[in-house]
2 protein chains.
Amino acid sequence: MAETITRSPRTRGLRTRPSAAEDRPPKRAEVSRQQILDVAASLFRARGYTETSLRDIGAQVGMKAGSLYYHFASKEELAADVLRIGVERVHEAVASAVAALGPGAPMKARIEAAISAHLETLLVESDYTSAHIRCFPYVPPSLKAQLSQARRDYEAIWRRLLDEAAAAKALAPGIDAEVARLAILGALNWSLEWFDPVRGRPEELIRTLVAAFTR
Amino acid sequence: MAETITRSPRTRGLRTRPSAAEDRPPKRAEVSRQQILDVAASLFRARGYTETSLRDIGAQVGMKAGSLYYHFASKEELAADVLRIGVERVHEAVASAVAALGPGAPMKARIEAAISAHLETLLVESDYTSAHIRCFPYVPPSLKAQLSQARRDYEAIWRRLLDEAAAAKALAPGIDAEVARLAILGALNWSLEWFDPVRGRPEELIRTLVAAFTR
DNA sequence: GTCTATAGCAAGATAGAC
DNA sequence: GTCTATCTTGCTATAGAC
């Protein structure tokens, strides 16, 4: 579950590994900043926003709580970065997965790719994304407002995908595109509450949702 | 969303209204206790467990925080009562709704009744149930342990229902009963995060889930 | 950049008056 | 039963040394 964001000027498309050799050797402050973000994402995911203190984060980074303020202006700003990265990452993962199928791919395959990418990012790839999903509802309103645009951007992918699917008669009969979107994402996001990475098999949920909602 | 539990010796089956005339005029302490539980359920639902202080609860009841300790030993015990009532209530609602169909009812109708009862209880009927769903993941481990049996009891209903459905070939093709259970309950529980009681129509989600998972 | 030290505040909880 | 008053603890955040 450990992950480090090595963000070069701009991370675009999918990069297979967070690669060791980036443009420039990162400055020390940047390393600390990334460590803090990584630890914060992990703790926000595991415990929640309010339940995670800056002392907790500092302790895992190997730093006193006060030192975090050299890198972030407040807990809220730290959380804003974590949660923003979380949406961006799942957004990129889903967009890339669907795009990788090429323009002529059947709707069922596109939906399966989107479901798979969302779930994989949420459960396995990114503590940032899971932190976003688990914490967003409990975060202060000012933070919600900051994130709303990025969230809408991500939602738009799904809306378009399912509208296309509905138009192509690729959804199971009697299923509305918008309600399907909410149901699918609900089933996926809620898996955070029950999925056991040891015994679990994300593929089963993917297969079941595809079987249920597409034809 | 306001609700008061008027629990006579035992609440069994479904009672249409929480009826004004109960067995005995309730004592004053009982009235306060119920008010506290109602307010706590409402705030836990709206804000979350950690985000709700005893001062908040007291203020809405018209009482100082310290006075709550006459009725409850701790915040955790208060939350334990709220969350336990929450599962019990959705358990009763689903069990009654399915039972009301009679023994010969088709599986599709039984599943629809269960989905409908769960969703109605969660979104409309009971702040206790929605408080449970929203707070459980963030509550202290000792509280989780206290609730685990009641949760398993409720889960068992769904497991049985979907196993029966699978045996009767009433599930859509390619769908496993256990995964369907997790997907359906995930989609339902997550609706707390997006459902708007003003413009919303729970029926659409019910219809979509039935269409997706049954045949 | 990170530390120590601490300000300032809000939380859960308790004691005793009424 | 509820209040006032307060204890203790833990939090976010700041100031200044190093």
# chains A, B, ... in the order shown; residues from 1 in each chain; ligands from 1
call {"tool": "residues_around", "arguments": {"residues": "His132 (chain B)", "least_positions_apart": "6", "cutoff": "10 Å", "atoms": "only C-alpha atoms (C1' of nucleotides)", "output": "list of chain:residue names"}}
result
B:Ala41, B:Phe44, B:Arg45, B:Gly48, B:Tyr49, B:Ala79, B:Ala80, B:Val82, B:Leu83, B:Arg84, B:Ile85, B:Gly86, B:Val87, B:Leu122, B:Ser126, B:Val139, B:Leu147
call {"tool": "interface_residues", "arguments": {"of": "chain B", "to": "chain D", "cutoff": "9 Å", "atoms": "only C-alpha atoms (C1' of nucleotides)", "output": "VMD selection string"}}
result
chain B and resid 28 to 29 63 to 64 66 to 67 70
call {"tool": "interface_residues", "arguments": {"of": "chain C", "to": "chain B", "cutoff": "12 Å", "atoms": "only C-alpha atoms (C1' of nucleotides)", "output": "tab-separated table (two decimals) with N, CA, C and O atoms (P, O5', C5', C4', C3', O3' and C1' of nucleotides), in the first residue's frame"}}
result
chain	number	residue	atom	x	y	z
C	10	DA	P	-13.07	26.68	21.26
C	10	DA	O5'	-13.46	25.14	21.21
C	10	DA	C5'	-12.87	24.30	20.23
C	10	DA	C4'	-12.89	22.87	20.73
C	10	DA	C3'	-14.21	22.49	21.42
C	10	DA	O3'	-14.64	21.24	20.90
C	10	DA	C1'	-12.38	21.98	22.81
C	11	DA	P	-16.08	20.67	21.23
C	11	DA	O5'	-15.78	19.21	21.76
C	11	DA	C5'	-14.89	18.35	21.05
C	11	DA	C4'	-14.24	17.40	22.01
C	11	DA	C3'	-15.22	16.77	22.99
C	11	DA	O3'	-15.68	15.53	22.47
C	11	DA	C1'	-13.18	17.49	24.07
C	12	DG	P	-16.94	14.83	23.21
C	12	DG	O5'	-16.24	14.09	24.43
C	12	DG	C5'	-15.31	13.05	24.16
C	12	DG	C4'	-14.80	12.50	25.48
C	12	DG	C3'	-15.88	11.88	26.37
C	12	DG	O3'	-15.35	10.72	27.00
C	12	DG	C1'	-14.83	13.66	27.52
C	13	DA	P	-16.38	9.80	27.86
C	13	DA	O5'	-16.15	10.37	29.33
C	13	DA	C5'	-14.84	10.32	29.88
C	13	DA	C4'	-14.81	11.09	31.18
C	13	DA	C3'	-15.89	10.69	32.20
C	13	DA	O3'	-15.25	10.02	33.29
C	13	DA	C1'	-15.58	13.06	32.07
C	14	DT	P	-16.15	9.45	34.50
C	14	DT	O5'	-16.05	10.60	35.59
C	14	DT	C5'	-14.75	11.09	35.94
C	14	DT	C4'	-14.88	12.12	37.05
C	14	DT	C3'	-15.85	11.76	38.17
C	14	DT	O3'	-15.21	12.02	39.42
C	14	DT	C1'	-16.35	13.91	37.33
C	15	DA	P	-15.92	11.61	40.81
C	15	DA	O5'	-16.28	13.04	41.42
C	15	DA	C5'	-15.34	14.12	41.31
C	15	DA	C4'	-15.79	15.25	42.20
C	15	DA	C3'	-16.70	14.84	43.36
C	15	DA	O3'	-16.41	15.64	44.51
C	15	DA	C1'	-17.91	16.24	41.87
call {"tool": "residues_around", "arguments": {"residues": "Val98 (chain B)", "least_positions_apart": "6", "cutoff": "12 Å", "atoms": "only C-alpha atoms (C1' of nucleotides)", "output": "compact mmCIF listing (two decimals) with C-alpha atoms, in the first residue's frame"}}
result
# COMPACT_ATOMS: atom_id res chain seq x y z
CA GLY B 13 -43.24 -7.22 14.01
CA LEU B 14 -44.15 -3.91 12.48
CA HIS B 91 -33.28 -5.87 10.62
CA GLU B 92 -36.90 -5.79 11.76
CA GLY B 104 -45.00 -18.70 -1.46
CA ALA B 105 -43.84 -15.35 -2.79
CA PRO B 106 -41.48 -15.35 -5.78
CA MET B 107 -37.82 -14.68 -5.07
CA LYS B 108 -37.75 -11.52 -7.15
CA ALA B 109 -40.51 -10.01 -5.03
CA ARG B 110 -38.75 -11.00 -1.82
CA ILE B 111 -35.53 -9.40 -2.92
CA GLU B 112 -37.32 -6.27 -3.99
CA ALA B 113 -39.05 -6.10 -0.62
CA ALA B 114 -35.75 -6.47 1.21
CA ILE B 115 -34.06 -3.80 -0.89
CA SER B 116 -36.99 -1.47 -0.48
CA ALA B 117 -37.20 -1.93 3.29
CA HIS B 118 -33.48 -1.44 3.80
CA ILE B 157 -31.10 -12.48 6.51
CA TRP B 158 -29.52 -11.23 3.32
CA ARG B 160 -30.17 -16.59 3.27
CA LEU B 161 -32.34 -14.57 0.93
call {"tool": "interface_residues", "arguments": {"of": "chain A", "to": "chain B", "cutoff": "12 Å", "atoms": "only C-alpha atoms", "output": "PyMOL selection string"}}
result
chain A and resi 44-52+133-141+171-195+200-215
call {"tool": "calpha_fit_rmsd", "arguments": {"fixed": "chain A", "moving": "chain B"}}
result
0.1 Å
call {"tool": "select_by_dssp", "arguments": {"residues": "region 5-175 of chain A", "states": "alpha helix (DSSP H)", "output": "VMD selection string"}}
result
chain A and resid 28 to 47 54 to 61 75 to 99 107 to 120 127 to 135 141 to 167
call {"tool": "atom_distance", "arguments": {"atom1": "CA of Thr4 (chain B)", "atom2": "CA of Ala145 (chain B)"}}
result
26.1 Å
call {"tool": "atom_distance", "arguments": {"atom1": "CA of Glu3 (chain A)", "atom2": "CA of Val61 (chain A)"}}
result
13.7 Å
call {"tool": "atom_distance", "arguments": {"atom1": "CA of Ala40 (chain B)", "atom2": "CA of Leu78 (chain B)"}}
result
8.0 Å
